[in-house]
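Q: This one is structure.txt, compact mmCIF, C-alpha atoms.
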# COMPACT_ATOMS: atom_id res chain seq x y z
CA MET Q 9 -6.11 22.74 36.96
CA ALA Q 10 -9.52 21.06 37.09
CA ARG Q 11 -10.36 18.41 34.54
CA ILE Q 12 -12.74 19.11 31.68
CA SER Q 13 -16.21 17.75 32.41
CA GLN Q 14 -17.58 14.70 30.64
CA LYS Q 15 -20.49 16.81 29.38
CA THR Q 16 -18.11 19.11 27.50
CA ILE Q 17 -16.18 16.12 26.14
CA ASP Q 18 -19.44 14.56 24.89
CA ASP Q 19 -20.62 17.88 23.41
CA VAL Q 20 -17.36 18.23 21.48
CA ARG Q 21 -17.31 14.59 20.37
CA ASN Q 22 -20.82 14.97 18.98
CA VAL Q 23 -19.89 17.88 16.75
CA SER Q 24 -20.12 16.88 13.09
CA ILE Q 25 -16.78 16.26 11.41
CA VAL Q 26 -18.20 18.03 8.35
CA ASP Q 27 -18.87 21.14 10.48
CA VAL Q 28 -15.31 21.09 11.86
CA ALA Q 29 -13.85 20.58 8.39
CA THR Q 30 -15.93 23.49 7.10
CA ALA Q 31 -14.92 25.72 10.02
CA LEU Q 32 -11.27 24.89 9.36
CA GLY Q 33 -11.66 26.02 5.75
CA HIS Q 34 -11.36 22.56 4.21
CA SER Q 35 -14.38 23.06 1.91
CA PRO Q 36 -15.97 19.56 2.04
CA LYS Q 37 -17.42 18.56 -1.32
CA LYS Q 38 -20.52 16.33 -1.40
CA VAL Q 39 -19.89 13.12 -3.37
CA GLY Q 40 -22.87 10.80 -3.10
CA LYS Q 41 -23.48 10.08 0.59
CA GLN Q 42 -19.96 11.16 1.50
CA TYR Q 43 -17.96 14.37 1.61
CA ARG Q 44 -14.54 14.60 0.01
CA VAL Q 45 -11.77 16.80 1.40
CA TYR Q 46 -8.03 17.15 1.29
CA CYS Q 47 -6.40 15.09 4.03
CA PRO Q 48 -6.30 16.97 7.36
CA ASN Q 49 -2.80 15.57 7.92
CA PRO Q 50 -0.55 18.60 7.24
CA THR Q 51 2.10 16.34 5.68
CA HIS Q 52 -0.31 14.71 3.22
CA ARG Q 53 -2.51 17.20 1.38
CA GLU Q 54 -1.72 16.62 -2.27
CA ASN Q 55 -5.04 15.17 -3.48
CA PRO Q 56 -8.64 15.31 -2.18
CA ASP Q 57 -8.72 11.61 -1.30
CA THR Q 58 -10.10 11.81 2.24
CA TYR Q 59 -13.77 10.93 2.73
CA ILE Q 60 -16.16 11.87 5.52
CA GLU Q 61 -19.27 9.78 6.12
CA ALA Q 62 -21.52 12.35 7.78
CA TYR Q 63 -24.21 9.96 9.00
CA LYS Q 64 -21.60 7.85 10.83
CA ASN Q 65 -19.37 10.82 11.68
CA ILE Q 66 -16.20 9.06 10.55
CA PHE Q 67 -13.42 10.01 8.13
CA LYS Q 68 -10.61 8.15 6.39
CA CYS Q 69 -7.73 9.06 4.10
CA PHE Q 70 -7.35 6.83 1.05
CA GLY Q 71 -4.74 8.87 -0.83
CA ASN Q 72 -1.89 6.70 -2.20
CA GLY Q 73 -3.07 3.86 -0.01
CA GLY Q 74 -3.78 6.09 2.98
CA CYS Q 75 -1.49 7.94 5.39
CA GLY Q 76 -3.18 6.69 8.54
CA ALA Q 77 -5.43 9.68 9.05
CA GLY Q 78 -8.88 8.60 10.17
CA GLY Q 79 -11.24 8.64 13.09
CA ASN Q 80 -14.80 8.58 14.37
CA ASN Q 81 -15.26 12.02 15.93
CA SER Q 82 -14.43 15.69 15.53
CA LEU Q 83 -11.55 15.45 18.02
CA SER Q 84 -9.54 13.04 15.88
CA TYR Q 85 -10.12 15.18 12.78
CA TYR Q 86 -9.02 18.33 14.57
CA SER Q 87 -6.01 16.56 16.09
CA TRP Q 88 -4.85 15.33 12.68
CA HIS Q 89 -5.25 18.87 11.32
CA GLU Q 90 -3.34 20.57 14.10
CA TYR Q 91 -0.74 17.97 15.12
CA GLY Q 92 -0.53 15.42 12.28
CA SER Q 93 -1.70 12.67 14.62
CA ALA Q 94 -4.63 11.58 16.78
CA ASP Q 95 -2.33 10.62 19.65
CA LYS Q 96 -4.02 10.83 23.07
CA ARG Q 97 -1.48 13.39 24.28
CA TYR Q 98 -3.29 15.94 22.10
CA PHE Q 99 -6.70 15.08 23.58
CA VAL Q 100 -7.11 18.08 25.91
CA ASN Q 101 -5.77 20.54 23.36
CA SER Q 102 -8.16 19.15 20.77
CA ILE Q 103 -11.13 19.44 23.14
CA GLU Q 104 -10.28 23.09 23.70
CA GLY Q 105 -9.59 23.68 20.03
CA VAL Q 106 -12.90 22.27 18.77
CA ALA Q 107 -14.84 23.97 21.60
CA ASN Q 108 -13.38 27.36 20.77
CA LEU Q 109 -13.77 26.76 17.05
CA MET Q 110 -17.45 25.86 17.39
CA GLY Q 111 -18.39 28.27 20.20
CA ILE Q 112 -18.94 25.61 22.90
CA PRO Q 113 -18.36 26.68 26.55
CA ILE Q 114 -15.85 24.50 28.40
CA GLU Q 115 -17.15 23.24 31.73
CA TYR Q 116 -14.79 21.81 34.35
CA GLU Q 117 -15.40 19.21 37.04
CA ASP Q 118 -14.96 21.82 39.78
CA GLY Q 119 -17.99 23.72 38.46
CA THR Q 120 -16.13 26.53 36.72
CA THR Q 121 -16.84 27.43 33.13
CA GLN Q 122 -14.72 29.00 30.43
CA GLU Q 123 -16.71 30.71 27.74
CA ALA Q 124 -15.65 29.88 24.24
CA THR Q 125 -13.49 32.43 22.56
CA GLN Q 126 -14.83 33.89 19.36
CA LYS Q 127 -14.68 31.44 16.50
CA ARG Q 128 -11.39 31.71 14.67
CA GLU Q 129 -11.33 33.33 11.28
CA CYS Q 130 -10.74 30.32 9.07
CA ILE Q 131 -9.35 31.19 5.69
CA PRO Q 132 -10.46 28.51 3.24
CA ARG Q 133 -7.55 26.43 2.04
CA THR Q 134 -6.55 27.12 -1.52
CA ILE Q 135 -8.19 24.31 -3.41
CA GLN Q 136 -6.27 22.19 -5.87
CA LYS Q 137 -7.77 22.48 -9.31
CA GLU Q 138 -10.42 19.79 -9.90
CA ILE Q 139 -9.98 18.33 -13.37
CA PRO Q 140 -12.40 15.63 -14.54
CA ALA Q 141 -10.90 12.57 -16.16
CA GLN Q 142 -11.43 11.83 -19.83
CA SER Q 143 -14.37 9.62 -20.80
CA ASP Q 144 -14.11 5.87 -20.27
CA ALA Q 145 -13.85 5.40 -24.04
CA VAL Q 146 -10.88 7.77 -24.34
CA CYS Q 147 -9.11 6.32 -21.29
CA ASP Q 148 -9.60 2.81 -22.69
CA LYS Q 149 -7.95 3.68 -26.01
CA VAL Q 150 -5.02 5.46 -24.34
CA TYR Q 151 -4.42 2.74 -21.75
CA ARG Q 152 -4.55 -0.10 -24.30
CA ALA Q 153 -2.03 1.69 -26.52
CA PHE Q 154 0.12 2.53 -23.49
CA LEU Q 155 0.12 -1.02 -22.10
CA SER Q 156 1.02 -2.47 -25.50
CA LEU Q 157 4.25 -0.45 -25.34
CA CYS Q 158 5.14 -1.31 -21.74
CA PRO Q 159 7.67 -4.07 -20.97
CA ILE Q 160 7.19 -7.37 -19.14
CA ARG Q 161 9.98 -7.95 -16.65
CA LYS Q 162 11.10 -11.43 -15.66
CA GLU Q 163 10.47 -10.94 -11.95
CA HIS Q 164 6.89 -9.85 -12.62
CA ALA Q 165 6.21 -12.63 -15.11
CA LYS Q 166 7.50 -15.10 -12.51
CA GLU Q 167 5.03 -13.80 -9.92
CA TRP Q 168 2.12 -13.87 -12.37
CA MET Q 169 2.79 -17.44 -13.48
CA GLU Q 170 3.97 -19.00 -10.21
CA THR Q 171 2.06 -17.13 -7.50
CA ARG Q 172 -1.08 -16.14 -9.44
CA GLN Q 173 -0.94 -19.21 -11.73
CA TYR Q 174 -1.74 -17.29 -14.91
CA SER Q 175 -0.69 -18.78 -18.23
CA LYS Q 176 1.33 -16.73 -20.72
CA ASP Q 177 -1.77 -16.34 -22.88
CA GLU Q 178 -3.83 -15.19 -19.87
CA ILE Q 179 -1.20 -12.57 -18.97
CA ILE Q 180 -1.54 -11.09 -22.45
CA THR Q 181 -5.36 -11.22 -22.33
CA ILE Q 182 -5.58 -9.53 -18.93
CA GLY Q 183 -3.10 -6.85 -20.02
CA LEU Q 184 -0.57 -7.16 -17.20
CA ARG Q 185 2.55 -5.09 -17.86
CA SER Q 186 5.55 -3.77 -15.94
CA VAL Q 187 5.89 -0.08 -15.13
CA PRO Q 188 8.47 1.39 -17.52
CA THR Q 189 11.64 3.04 -16.24
CA PRO Q 190 11.90 6.83 -16.64
CA GLN Q 191 14.02 6.30 -19.76
CA GLU Q 192 11.52 3.81 -21.20
CA SER Q 193 8.57 6.07 -20.39
CA VAL Q 194 10.07 8.94 -22.40
CA HIS Q 195 10.16 6.70 -25.47
CA ILE Q 196 6.63 5.35 -24.82
CA ILE Q 197 5.04 8.76 -24.25
CA HIS Q 198 6.79 10.04 -27.37
CA GLN Q 199 5.17 7.27 -29.42
CA LEU Q 200 1.72 7.93 -27.92
CA ILE Q 201 1.90 11.65 -28.68
CA CYS Q 202 3.20 11.09 -32.21
CA LYS Q 203 0.28 8.69 -32.82
CA GLY Q 204 -2.20 11.31 -31.66
CA TYR Q 205 -3.32 9.84 -28.34
CA PRO Q 206 -4.60 12.53 -25.94
CA LEU Q 207 -2.82 12.34 -22.57
CA GLU Q 208 -4.45 15.36 -20.95
CA ARG Q 209 -6.88 14.33 -18.19
CA VAL Q 210 -6.01 10.64 -18.48
CA PRO Q 211 -5.22 9.57 -14.88
CA GLY Q 212 -1.54 8.75 -14.42
CA PHE Q 213 -0.24 11.19 -17.04
CA SER Q 214 0.64 14.80 -16.28
CA GLN Q 215 2.99 17.56 -17.33
CA ARG Q 216 5.85 18.54 -15.01
CA PHE Q 217 7.50 21.95 -15.11
CA ILE Q 218 11.24 22.25 -15.77
CA PRO Q 219 12.71 25.77 -15.43
CA ASP Q 220 15.28 27.09 -17.89
CA GLY Q 221 18.81 25.99 -17.12
CA TYR Q 222 17.99 22.33 -16.52
CA ASN Q 223 18.99 19.54 -18.89
CA LEU Q 224 16.12 18.54 -21.19
CA PRO Q 225 16.80 15.04 -22.56
CA PHE Q 226 13.35 14.83 -24.15
CA PRO Q 227 12.09 14.79 -27.75
CA LYS Q 228 10.60 18.13 -28.77
CA GLU Q 229 7.12 16.55 -29.06
CA LEU Q 230 7.09 16.08 -25.26
CA LEU Q 231 8.00 19.70 -24.52
CA GLU Q 232 5.76 22.74 -24.33
CA ARG Q 233 7.37 26.15 -23.91
CA ASP Q 234 6.16 28.46 -21.11
CA ASP Q 235 7.66 31.92 -21.67
CA ASP Q 236 5.76 33.46 -18.76
CA ASN Q 237 7.40 31.14 -16.24
CA LYS Q 238 10.64 30.72 -18.19
CA GLY Q 239 10.70 26.99 -18.63
CA TYR Q 240 9.13 23.95 -20.27
CA TRP Q 241 6.29 21.57 -19.53
CA VAL Q 242 7.07 17.91 -20.21
CA TRP Q 243 4.78 14.85 -20.14
CA MET Q 244 5.67 12.24 -17.51
CA LEU Q 245 4.15 9.26 -15.67
CA SER Q 246 3.11 9.02 -12.02
CA ALA Q 247 3.80 5.41 -11.12
CA GLY Q 248 7.16 4.54 -9.52
CA SER Q 249 8.23 0.91 -9.93
CA GLY Q 250 6.08 -2.21 -10.09
CA TYR Q 251 3.48 -3.45 -12.55
CA PHE Q 252 0.09 -2.41 -13.92
CA ILE Q 253 -3.21 -4.26 -13.47
CA PRO Q 254 -5.98 -3.03 -15.80
CA VAL Q 255 -9.30 -2.15 -14.14
CA ARG Q 256 -12.32 -2.73 -16.39
CA ASN Q 257 -15.87 -1.44 -16.25
CA ARG Q 258 -19.06 -3.29 -17.15
CA LYS Q 259 -18.46 -2.57 -20.86
CA GLY Q 260 -15.00 -4.13 -20.93
CA GLN Q 261 -13.27 -0.76 -21.15
CA ILE Q 262 -9.97 -0.35 -19.31
CA VAL Q 263 -10.93 2.73 -17.32
CA ARG Q 264 -8.07 2.86 -14.80
CA LEU Q 265 -4.77 1.18 -13.94
CA ARG Q 266 -3.80 -0.17 -10.55
CA VAL Q 267 -0.09 -0.33 -9.67
CA ARG Q 268 1.32 -3.26 -7.68
CA ARG Q 269 4.46 -1.69 -6.23
CA ASP Q 270 7.76 -3.52 -5.93
CA GLN Q 271 8.47 -1.80 -2.63
CA GLY Q 272 6.70 0.34 -0.05
CA ASN Q 273 4.25 0.01 2.83
CA HIS Q 274 1.24 0.23 0.55
CA LYS Q 275 1.47 -2.56 -2.03
CA TYR Q 276 -1.27 -1.23 -4.28
CA ILE Q 277 -1.72 2.35 -5.47
CA TRP Q 278 -3.67 3.96 -8.27
CA PHE Q 279 -2.09 5.21 -11.48
CA SER Q 280 -3.28 8.74 -10.81
CA SER Q 281 -2.26 12.33 -11.40
CA SER Q 282 -3.39 15.89 -10.67
CA ASP Q 283 -3.03 19.60 -11.34
CA ASN Q 284 -1.45 21.42 -8.38
CA THR Q 285 -0.69 24.74 -10.05
CA THR Q 286 -3.24 26.57 -7.85
CA ILE Q 287 -1.69 25.44 -4.55
CA GLU Q 288 2.01 24.71 -5.15
CA THR Q 289 4.51 27.55 -4.86
CA ASN Q 290 7.64 25.56 -5.71
CA LYS Q 291 8.00 25.50 -9.50
CA LEU Q 292 10.03 22.28 -9.33
CA LYS Q 293 6.93 20.52 -7.98
CA TRP Q 294 4.42 21.92 -10.45
CA LYS Q 295 2.14 19.43 -12.20
CA ARG Q 296 -0.72 20.15 -14.57
CA LYS Q 297 -3.26 18.54 -16.92
CA GLY Q 298 -3.50 15.40 -14.79
CA ALA Q 299 -6.66 13.86 -13.33
CA SER Q 300 -7.41 11.76 -10.28
CA SER Q 301 -8.15 8.08 -10.80
CA GLY Q 302 -10.84 7.80 -8.16
CA ALA Q 303 -11.36 4.25 -6.89
CA PRO Q 304 -13.58 2.31 -9.32
CA ILE Q 305 -14.46 -1.35 -8.99
CA ASN Q 306 -13.04 -3.95 -11.36
CA VAL Q 307 -15.75 -5.80 -13.31
CA VAL Q 308 -14.50 -9.09 -14.73
CA PRO Q 309 -15.77 -12.35 -16.24
CA PRO Q 310 -13.59 -15.47 -16.66
CA ILE Q 311 -10.43 -14.76 -18.68
CA SER Q 312 -11.79 -16.77 -21.63
CA GLN Q 313 -14.62 -14.24 -21.81
CA ILE Q 314 -12.28 -11.25 -21.50
CA LYS Q 315 -10.51 -12.55 -24.59
CA ILE Q 316 -13.67 -12.32 -26.72
CA TRP Q 317 -15.25 -9.34 -24.95
CA GLU Q 318 -16.00 -6.64 -27.52
CA VAL Q 319 -15.19 -3.29 -25.97
CA GLY Q 320 -18.36 -1.28 -25.44
CA THR Q 321 -20.59 -4.33 -24.96
CA ASP Q 322 -22.20 -4.64 -21.54
CA LEU Q 323 -21.15 -7.81 -19.74
CA SER Q 324 -24.82 -8.75 -19.29
CA GLU Q 325 -25.11 -9.14 -23.07
CA MET Q 326 -22.44 -11.85 -23.26
CA MET Q 327 -22.99 -13.95 -20.11
CA ARG Q 328 -25.47 -14.54 -17.31
CA VAL Q 329 -25.34 -11.98 -14.52
CA ASN Q 330 -28.05 -13.44 -12.28
CA VAL Q 331 -25.32 -14.33 -9.75
CA VAL Q 332 -22.56 -11.81 -8.95
CA LEU Q 333 -19.61 -12.25 -6.60
CA ALA Q 334 -17.88 -9.38 -4.76
CA VAL Q 335 -14.28 -9.59 -3.53
CA GLU Q 336 -11.50 -7.16 -2.64
CA GLY Q 337 -8.68 -6.46 -5.07
CA GLU Q 338 -7.90 -6.78 -8.75
CA HIS Q 339 -5.97 -10.07 -8.80
CA ASN Q 340 -8.57 -11.56 -6.46
CA SER Q 341 -11.41 -10.62 -8.80
CA ILE Q 342 -9.68 -11.92 -11.93
CA ILE Q 343 -8.64 -15.24 -10.37
CA SER Q 344 -12.01 -15.78 -8.66
CA ALA Q 345 -13.95 -15.13 -11.87
CA ASN Q 346 -11.67 -17.49 -13.73
CA LYS Q 347 -12.01 -20.30 -11.21
CA ILE Q 348 -15.74 -19.99 -10.51
CA GLY Q 349 -17.05 -18.93 -13.91
CA ILE Q 350 -19.33 -16.05 -12.86
CA PRO Q 351 -19.06 -12.24 -13.02
CA VAL Q 352 -16.97 -10.78 -10.20
CA THR Q 353 -16.58 -7.24 -8.91
CA GLY Q 354 -13.30 -6.35 -7.26
CA ALA Q 355 -13.34 -3.31 -4.98
CA PRO Q 356 -10.10 -1.62 -3.84
CA GLY Q 357 -11.39 -1.94 -0.26
CA ILE Q 358 -14.51 -2.92 1.66
CA GLY Q 359 -15.54 0.73 1.92
CA ASN Q 360 -15.48 1.26 -1.86
CA PHE Q 361 -18.62 -0.56 -2.90
CA LYS Q 362 -20.84 2.35 -4.00
CA ASP Q 363 -20.62 1.34 -7.69
CA ILE Q 364 -21.78 -2.23 -7.02
CA ILE Q 365 -25.35 -1.34 -5.99
CA PRO Q 366 -26.48 0.31 -9.27
CA LEU Q 367 -24.74 -2.44 -11.22
CA LEU Q 368 -26.78 -5.18 -9.52
CA LYS Q 369 -29.94 -3.14 -9.97
CA ASP Q 370 -29.35 -2.56 -13.69
CA TRP Q 371 -28.50 -6.20 -14.29
CA GLY Q 372 -31.48 -7.50 -12.36
CA SER Q 373 -29.23 -9.89 -10.45
CA LYS Q 374 -30.95 -12.41 -8.15
CA LYS Q 375 -28.06 -13.56 -5.97
CA PHE Q 376 -25.13 -11.60 -4.56
CA ILE Q 377 -22.18 -13.23 -2.85
CA ILE Q 378 -19.78 -11.34 -0.59
CA ALA Q 379 -16.35 -12.94 -0.17
CA ASN Q 380 -14.29 -10.26 1.52
CA ASP Q 381 -10.77 -10.98 2.68
CA MET Q 382 -10.70 -12.93 5.92
CA ASP Q 383 -8.77 -10.27 7.83
CA ILE Q 384 -12.17 -8.63 8.37
CA LEU Q 385 -12.75 -11.30 11.03
CA LYS Q 386 -9.27 -11.11 12.51
CA ARG Q 387 -8.05 -8.56 15.05
CA GLU Q 388 -4.40 -7.62 14.84
CA ASP Q 389 -4.29 -7.44 18.65
CA ASP Q 390 -6.55 -6.65 21.60
CA SER Q 391 -5.93 -2.90 21.50
CA GLU Q 392 -8.83 -0.46 21.26
CA LYS Q 393 -7.55 0.69 17.88
CA SER Q 394 -7.62 -2.85 16.51
CA LYS Q 395 -11.10 -3.46 17.95
CA LYS Q 396 -12.43 -0.25 16.39
CA LYS Q 397 -10.90 -1.13 13.03
CA GLN Q 398 -12.55 -4.54 13.04
CA LYS Q 399 -15.86 -3.03 14.13
CA THR Q 400 -15.70 -0.49 11.29
CA LEU Q 401 -14.98 -3.24 8.75
CA MET Q 402 -17.89 -5.32 9.99
CA GLU Q 403 -20.18 -2.28 9.83
CA LYS Q 404 -19.14 -1.70 6.21
CA LEU Q 405 -19.89 -5.33 5.37
CA LYS Q 406 -23.29 -5.13 7.07
CA GLU Q 407 -24.08 -1.87 5.27
CA LEU Q 408 -23.32 -3.41 1.87
CA ALA Q 409 -25.45 -6.47 2.61
CA THR Q 410 -28.35 -4.33 3.85
CA GLU Q 411 -28.32 -2.11 0.77
CA VAL Q 412 -28.32 -5.12 -1.57
CA MET Q 413 -31.14 -6.89 0.29
CA LYS Q 414 -33.27 -3.77 -0.20
CA LEU Q 415 -33.26 -4.71 -3.90
CA ASP Q 416 -34.84 -8.07 -3.03
CA ILE Q 417 -31.61 -9.86 -3.91
CA GLU Q 418 -30.51 -12.94 -1.98
CA VAL Q 419 -27.25 -12.15 -0.16
CA LEU Q 420 -24.75 -14.84 0.76
CA LEU Q 421 -21.51 -14.61 2.69
CA TRP Q 422 -18.57 -16.86 1.87
CA THR Q 423 -16.10 -17.62 4.61
CA TRP Q 424 -13.18 -19.99 5.10
CA ASP Q 425 -10.28 -20.83 7.37
CA ILE Q 426 -7.84 -17.91 7.31
CA ARG Q 427 -5.01 -20.47 7.45
CA ASP Q 428 -5.95 -21.39 3.88
CA GLY Q 429 -5.40 -17.82 2.72
CA ASN Q 430 -6.59 -14.29 3.33
CA GLY Q 431 -8.34 -13.80 -0.02
CA LEU Q 432 -10.74 -16.02 -1.93
CA ASP Q 433 -8.15 -16.32 -4.68
CA ASP Q 434 -5.70 -17.90 -2.22
CA LEU Q 435 -8.32 -20.51 -1.32
CA LEU Q 436 -9.35 -21.29 -4.89
CA LEU Q 437 -5.77 -21.63 -6.11
CA GLN Q 438 -5.41 -24.47 -3.60
CA GLY Q 439 -8.45 -26.22 -5.06
CA LYS Q 440 -10.55 -25.56 -1.94
CA LEU Q 441 -14.04 -24.07 -1.62
CA PRO Q 442 -15.56 -21.76 1.03
CA ILE Q 443 -18.51 -22.16 3.37
CA GLU Q 444 -21.69 -20.33 2.39
CA ILE Q 445 -23.81 -18.42 4.93
CA ASN Q 446 -27.28 -17.19 4.01
CA LEU Q 447 -27.61 -13.80 5.70
CA ARG Q 448 -31.41 -14.02 5.95
CA SER Q 449 -31.81 -17.56 7.27
CA GLY Q 450 -28.37 -18.01 8.85
CA ALA Q 451 -28.04 -21.42 7.17
CA HIS Q 452 -24.50 -22.76 6.56
CA LYS Q 453 -23.36 -25.14 3.83
CA LYS Q 454 -20.35 -25.91 1.70
CA VAL Q 455 -20.34 -24.12 -1.64
CA GLU Q 456 -21.38 -26.21 -4.62
CA LEU Q 457 -20.26 -24.58 -7.85
CA SER Q 458 -22.85 -26.51 -9.87
CA GLN Q 459 -25.62 -24.81 -7.89
CA LEU Q 460 -24.30 -21.25 -8.26
CA HIS Q 461 -26.32 -20.33 -11.31
CA ILE Q 462 -29.62 -21.42 -9.81
CA ALA Q 463 -31.16 -18.18 -8.63
Would you mind writing the file's structure down as structure tokens?
A:
Amino acid sequence: MARISQKTIDDVRNVSIVDVATALGHSPKKVGKQYRVYCPNPTHRENPDTYIEAYKNIFKCFGNGGCGAGGNNSLSYYSWHEYGSADKRYFVNSIEGVANLMGIPIEYEDGTTQEATQKRECIPRTIQKEIPAQSDAVCDKVYRAFLSLCPIRKEHAKEWMETRQYSKDEIITIGLRSVPTPQESVHIIHQLICKGYPLERVPGFSQRFIPDGYNLPFPKELLERDDDNKGYWVWMLSAGSGYFIPVRNRKGQIVRLRVRRDQGNHKYIWFSSSDNTTIETNKLKWKRKGASSGAPINVVPPISQIKIWEVGTDLSEMMRVNVVLAVEGEHNSIISANKIGIPVTGAPGIGNFKDIIPLLKDWGSKKFIIANDMDILKREDDSEKSKKKQKTLMEKLKELATEVMKLDIEVLLWTWDIRDGNGLDDLLLQGKLPIEINLRSGAHKKVELSQLHIA
């Protein structure tokens, strides 16, 4: 059979991912400049944590650390939807699938043409119920009470003190705690409910359904009878094993919790929950009254300032915010702020910087420093996939810098030898400092901490 022409391949590649997602019934929801959908991967569709950037025509799954689904054209999106992979062996089938879906004729190199079949009738996927999280103030009160009841395990305390170099007092101030076991969580949730803390719509907490006939080793305060479905709803956590890192907003409120897992491919996940009662048919998997965590940035001053930070007070009212540093990760942000003495924002990834721009604008900051992990400059190998990944990361970095410079803010890039550590925290814990690059002038110099506040 003749090969598909390059013109048809280009026509299909240029189709908007948003249009393909819409045609497939995925109901993209506009969120800022992006569109949010459920992951096209048929094995990973629990939460709407996949984002499409329409103007770049790329998509990426971030759910529970990401399942690998991602790409930069309609073919990869379609391939993930149909085959659970973007492997090249599905290339031809995906070309034909998108062409027929979008009404594009398929031209072959021998000059023949196959008219597109009528667009398929796409039945919109049943959408998981969208439940907004409680206010930051409510989440803060619940999380502080919850963390105060959580244990501190020896293996976690050892990591915090030896690897992260936190003191015992700093561990308490930050709010680091171990994830409770299922048995411990029953006792903790019981105390929270008895004290009147609202768990509904607080990310990480949800009710699970237990049909009649199953053992119910729970206090009655945790149970809610459901006569219609013949069973009980019981409050539980969605965390696994590991430890919690509080994520604060600009007012010092603990708005979300990040989980550093003890095991698993993805070290960091969000303490998040959902309501799947509109899409799940198996009663044993029902969850309700939960809310998604989203992916907020961590806003932190030095730990000494966290200790005296009155909840509800904007950080700009207690320390200078003319210079702000941006890094990746929660530990990185806490350690960097503590070592350097300036406000730091910690994003869960280089692509999650949307909340930084309005923050800098509101604060009237004059200087913005980007110190992303050094793996942005390192390719894993010479494969096309690795090259594309690095290119995408660099584009994200450039996009952030460009948006900040539009605010007439000086933008600096900090870099260092990757052998001294991937993150800025690794470098600072060794007593070393990075090299500073001015993105407007291109000038290089070694960082001088005494000059940081001059803006």
Q: What's the 10 Å shell around Ile311 of chain Q, counting all atoms listed in the file, without same-chain residues fewer than 3 positions away, as a list of chain:residue names?
A: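 The contact residues come out as Q:Tyr174, Q:Asp177, Q:Glu178, Q:Ile179, Q:Thr181, Q:Ile182, Q:Val308, Q:Ile314, Q:Lys315, Q:Ile316, Q:Trp317, Q:Ile342, Q:Ile343, Q:Ala345, Q:Asn346, Q:Lys347, Q:Gly349.
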Q: Report the distance between atom CA of Glu170 of chain Q and atom CA of Leu437 of chain Q in Å, rounded to one decimal place.
A: 10.9 Å
Q: Nearest residue to Val26 of chain Q out of Q:Lys295, Q:Arg44, Q:Lys406, Q:Arg11, using only C-alpha atoms?
A: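 Selected residue with least distance to Val26 of chain Q: Q:Arg44.
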Q: Which residue out of Q:Asp236, Q:Asp18, Q:Asp433, Q:Asp363 has the minimum interatomic distance to Ile114 of chain Q when only C-alpha atoms are used?
A: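 Residue with the minimum atom-to-atom distance to Ile114 of chain Q: Q:Asp18.
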Q: Which one is closest to Pro159 of chain Q: Q:Pro356, Q:Pro225, Q:Gly337, Q:Gly250? Count all atoms listed in the file.
A: Q:Gly250
Q: What is the distance between atom CA of Thr285 of chain Q and atom CA of Pro211 of chain Q, in Å to one decimal?
A: 16.6 Å
Q: Mind giving me the straight-line distance from atom CA of Ser175 of chain Q to atom CA of Ser312 of chain Q in Å, one decimal?
A: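 Calculated distance between atom CA of Ser175 of chain Q and atom CA of Ser312 of chain Q is 11.8 Å.
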Q: Kindly provide, as a compact mmCIF listing (two decimals) with C-alpha atoms, in the frame of the given file, the polymer residues lying within 12 Å of (-0.8, -4.7, -4.6), counting all atoms listed in the file and using the coordinates exactly as they appear in the file.
A:
# COMPACT_ATOMS: atom_id res chain seq x y z
CA ASN Q 72 -1.89 6.70 -2.20
CA GLY Q 73 -3.07 3.86 -0.01
CA SER Q 249 8.23 0.91 -9.93
CA GLY Q 250 6.08 -2.21 -10.09
CA TYR Q 251 3.48 -3.45 -12.55
CA PHE Q 252 0.09 -2.41 -13.92
CA ILE Q 253 -3.21 -4.26 -13.47
CA LEU Q 265 -4.77 1.18 -13.94
CA ARG Q 266 -3.80 -0.17 -10.55
CA VAL Q 267 -0.09 -0.33 -9.67
CA ARG Q 268 1.32 -3.26 -7.68
CA ARG Q 269 4.46 -1.69 -6.23
CA ASP Q 270 7.76 -3.52 -5.93
CA GLN Q 271 8.47 -1.80 -2.63
CA GLY Q 272 6.70 0.34 -0.05
CA ASN Q 273 4.25 0.01 2.83
CA HIS Q 274 1.24 0.23 0.55
CA LYS Q 275 1.47 -2.56 -2.03
CA TYR Q 276 -1.27 -1.23 -4.28
CA ILE Q 277 -1.72 2.35 -5.47
CA TRP Q 278 -3.67 3.96 -8.27
CA GLU Q 336 -11.50 -7.16 -2.64
CA GLY Q 337 -8.68 -6.46 -5.07
CA GLU Q 338 -7.90 -6.78 -8.75
CA HIS Q 339 -5.97 -10.07 -8.80
CA ASN Q 340 -8.57 -11.56 -6.46
CA PRO Q 356 -10.10 -1.62 -3.84
CA GLY Q 357 -11.39 -1.94 -0.26
Q: Using only C-alpha atoms, which of Q:Leu83, Q:Leu367, Q:Ile12, Q:Leu207 sits nearest Met110 of chain Q?
A: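 The shortest atom-to-atom distance to Met110 of chain Q comes from Q:Leu83.
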Q: Give me the residues near segment 410-423 of chain Q as JSON, numbers by chain, where near means some atom within 8 Å (using all atoms listed in the file) and where sequence neighbours in that chain fewer than 2 positions away do not count.
A: {"Q": [365, 369, 373, 374, 375, 376, 377, 378, 379, 380, 382, 406, 407, 408, 425, 442, 443, 444, 445, 446, 447, 448]}
Q: Give the answer as one residue: which of Q:Ala145, Q:Gly439, Q:Glu229, Q:Ala153 has the shortest atom-to-atom distance to Val319 of chain Q, using all atoms listed in the file?
A: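 Among the listed residues, Q:Ala145 lies closest to Val319 of chain Q.
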Q: Between Q:Asp283, Q:Tyr205, Q:Asn330, Q:Ile350, single out the one closest to Asp370 of chain Q, counting only C-alpha atoms.
A: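 The shortest atom-to-atom distance to Asp370 of chain Q comes from Q:Asn330.
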